[in-house]
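Asker: One structure, pasted below without further comment.
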Amino acid sequence: TEAQREFARNFREGKIQPIDPTIPLYILSSIAILLFTVVGSNLMQQFLAPRDPSHPPVVLHYFPWFGSAYSYGTDPYKFLFKCRAKYGDVFTFIMFGRKMTVALGPKGNNLSLGGKVSHVSAEDAYTHLTTPVFGKGVVYDCPNEMLMQQKKFIKHGLTPQAFQTYAPLIWQETHQFFEQEKGFNVYPGPKSYEAIKFFSELIILTASRTLQGKEVRAGLTSSAAKHFEHLDKGFTPINFLFPNLPLPSYRKRDKAQKAMSDFYLEIMRKRREGESDVDEHDMIAALTGNEYKDGTPLTDRDVAHMMIAILMAGQHTSSATSSWTLLHLAQKPLIFKALFEEHRDLFQNEDGTWEDVTYESTKEMPLMAAVIRETLRMHAPIHSIYRKVLQDLEVPPALAAGGNGSRPYVVPKGHFVVAAPGVSAMDPKVWPDADKWDPFRWLEDKGMAQEALDSYSGATSEQIDYGFGQVSKGTESPYMPFGAGRHRCVGEQFAYLQLSVIMSYIVRNYDIQLLGAFPQTNYNTMIVLPLNGYVTFKKRGQSKWILSTK
Ligand code: HEM
């Protein structure tokens with residue numbers, strides 16, 4: 001073309017200069033020198049600078065500020081076990097400028113989870129992440145003493161009477177989900193669902209119908225679902241590390257928080273002014289009208305923010321647990337069969353009809369409970385728990401001796417102290433066949449599992465009232481999927497109910513099969529999730545696999 005000819009002419013006449021090859025080389029070598037200097041001086045500082053022997057050892061890292069963020073973030077278990085082998089049970093690693101002091105094992109868990117409010121703070125560790133999502137005035141945006149009372153109010157909505165009404169609601173929602181929303185009864189009707197996506201939908205439907213009430217469940221088909229999605233995207237490790245970035249996801253999070261909060265306010269207004277016919281045992285009903293010990297009322301805005309917190313607290317934790325449970329069951333058909341037999345013996349009448357699954361009956365399913373427990377042991381949705389150190393924290397010598405052998409280690413004020421219950425639950429020094437999914441270990445009268453349960457919730461656990469009723473302290477158990485101490489989860493029983501009813505529905509009605517390999521773990525989310533886990537379902541009594549989740 002004419003343009004090409006003109007280009008060739010100009011080039012021959014030297015009017016067009018080739019790019020100076022020395023420029024990129026110059027830039028590259030400058031970057032290399034800079035990196036070399038930064039890494040070199042960082043390493044020299046770690047090797048040569050005298051270390052305070054009363055401080056725990058610092059994990060060797062190449063880059064200052066970033067520290068060990070990559071190794072911890074991509075596989076925390078591998079990283080923590082490796083560090084334990086090198087540094088012992090107490091060590092500090094750097095993560096984006098934060099000093100994270102890990103204390104491993106049951107004694108380590110006790111150091112932070114059993115610590116005094118004046119020494120360690122969950123509020124200071126989490127508020128920058130949670131307050132923009134939940135809203136102001138609740139959970140970690142208020143003094144610890146108020147959170148303890150808020151947990152007491154939440155427990156009003158989690159009574160056995162409430163659970164009795166929740167069980168059939170969870171069953172109905174699950175039935176509707178399988179039969180109508182997914183159309184699983186229509187052959188061929190396959191749709192593509194990954195286990196975690198599948199359960200994320202089912203968990204929010206069942207949790208909203210029970211805990212949140214009819215109006216919220218109805219709202220999930222409209223704009224509330226979008227708001228929830230935007231809130232959820234504001235609850236990621238990036239938000240934990242960088243609370244406020246000028247990014248669309250942060251702006252959407254803030255808009256969604258306001259919209260969700262207003263949505264709950266409107267529900268409360270309608271209920272109060274008699275414009276609603278809802279009269280249920282849900283959480284809104286349990287929370288409204290409460291006051292703190294000093295007479296301060298819990299406002300509608302507080303209730304709205306607590307409702308958001310509850311929705312978020314149970315969503316990924318239970319979706320992850322149900323997904324892992326189903327994936328393991330799909331991989332182990334014999335255990336799935338044994339679970340079906342347990343279910344059949346409990347619920348099938350002689351004429352072949354089935355009894356309803358009730359709250360009481362969920363407590364009579366030992367294998368079901370064992371399956372959920374074992375899944376939580378291997379896949380604790382929250383593997384690490386953080387607290388900010390408010391004043392120097394002395395490490396008991398029984399946990400780790402100080403660097404010079406005489407003075408105990410001190411975790412300095414300003415560090416984060418990290419409990420890693422996931423590591424204790426997978427520790428091969430504690431658990432026989434730690435990395436084997438074996439629900440039957442929980443059915444043995446004696447042994448590690450029974451001991452761990454006793455110290456978590458049973459005979460050997462100290463009972464304490466932190467302000468939300470008598471609970472097992474449980475901070476020295478090697479098994480604590482629901483946390484321990486004053487921040488222990490109040491949703492544990494609800495989670496067991498929800499998971500037991502959903503799994504019972506599946507066991508009664510479907511056969512399952514794992515598609516492809518057992519999934520890897522995704523650690524890039526706040527809650528540990530399966531990465532690409534697919535299962536197929538077949539309705540019992542039918543010969544064809546009707547749903548491929550792939
Ligand atoms: C606290 C796990 C379900 C509400 C916690 C903690 C853990 C946990 C580990 C302690 C956090 C810390 O110490 O920093 C789980 C798991 C669940 C689950 C594994 C399901 C399998 C739920 C549900 C609800 C809920 C369904 C609501 C009904 C809470 C609340 C706290 C909490 C209010 C207290 C936070 C605090 O005191 O700081 N949960 N949870 N959780 N969870 Fe859950």
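Note on naming: chains are A, B, ... as they come in the structure tokens, residues start from 1 per chain, ligands start from 1 in the order shown.
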Using only C-alpha atoms and all ligand atoms, which residues have at least one atom no more than 7 Å from ligand 1? Output them as JSON, numbers by chain.

Answerer: {"A": [113, 122, 139, 147, 148, 151, 310, 311, 313, 314, 317, 318, 321, 376, 380, 381, 382, 385, 386, 481, 482, 483, 484, 486, 487, 488, 489, 490, 491, 492, 494, 495]}

Asker: I need the residues in region 373-455 of chain A that are strand (DSSP E or B) according to DSSP; give them as JSON, numbers by chain.

Answerer: {"A": [385, 386, 387, 388, 389, 393, 394, 410, 411, 416, 417, 418, 419]}

Asker: Generate a file of the selected residues that holds N, CA and C atoms, formatted as a CSV table (one decimal), in the first residue's frame.

Answerer:
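Now in out_11.csv:
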chain,number,residue,atom,x,y,z
A,385,ILE,N,-7.0,-18.0,63.3
A,385,ILE,CA,-7.8,-16.9,64.0
A,385,ILE,C,-6.8,-15.9,64.5
A,386,TYR,N,-7.1,-14.6,64.3
A,386,TYR,CA,-6.2,-13.5,64.6
A,386,TYR,C,-6.7,-12.7,65.8
A,387,ARG,N,-5.7,-12.2,66.6
A,387,ARG,CA,-6.0,-11.2,67.6
A,387,ARG,C,-4.9,-10.2,67.6
A,388,LYS,N,-5.2,-8.9,67.9
A,388,LYS,CA,-4.2,-7.9,68.0
A,388,LYS,C,-3.7,-7.9,69.4
A,389,VAL,N,-2.4,-7.8,69.6
A,389,VAL,CA,-1.8,-7.8,71.0
A,389,VAL,C,-1.8,-6.4,71.5
A,393,LEU,N,2.6,-9.9,75.6
A,393,LEU,CA,2.0,-11.1,76.0
A,393,LEU,C,3.1,-12.1,76.3
A,394,GLU,N,3.1,-12.6,77.5
A,394,GLU,CA,4.1,-13.6,77.9
A,394,GLU,C,3.7,-15.0,77.4
A,410,VAL,N,8.2,-13.1,74.7
A,410,VAL,CA,7.1,-12.2,74.9
A,410,VAL,C,6.6,-11.8,73.5
A,411,VAL,N,5.3,-11.9,73.3
A,411,VAL,CA,4.8,-11.4,72.0
A,411,VAL,C,4.5,-9.9,72.2
A,416,PHE,N,0.2,-9.2,65.8
A,416,PHE,CA,-1.0,-10.0,65.8
A,416,PHE,C,-0.6,-11.4,66.3
A,417,VAL,N,-1.5,-12.0,67.2
A,417,VAL,CA,-1.2,-13.3,67.6
A,417,VAL,C,-2.1,-14.3,66.9
A,418,VAL,N,-1.6,-15.3,66.3
A,418,VAL,CA,-2.4,-16.2,65.4
A,418,VAL,C,-2.5,-17.6,66.1
A,419,ALA,N,-3.8,-18.0,66.3
A,419,ALA,CA,-4.1,-19.4,66.7
A,419,ALA,C,-4.4,-20.1,65.4

Asker: Out of region 286-457 of chain A, which residues get alpha helix (DSSP H) from DSSP, as a VMD selection string?

Answerer: chain A and resid 286 to 287 300 to 331 333 to 347 359 to 362 366 to 378 421 to 425 448 to 457

Asker: Restricting the calculation to only C-alpha atoms, which member of A:Lys155, A:Lys197, A:Arg5, A:His119 is positioned closest to Asn532 (chain A)?

Answerer: A:Lys197

Asker: Please compute the CA of Thr101 (chain A)-CA of Gln463 (chain A) distance, one decimal, in Å.

Answerer: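 Separating CA of Thr101 (chain A) from CA of Gln463 (chain A) is a distance of 27.9 Å.
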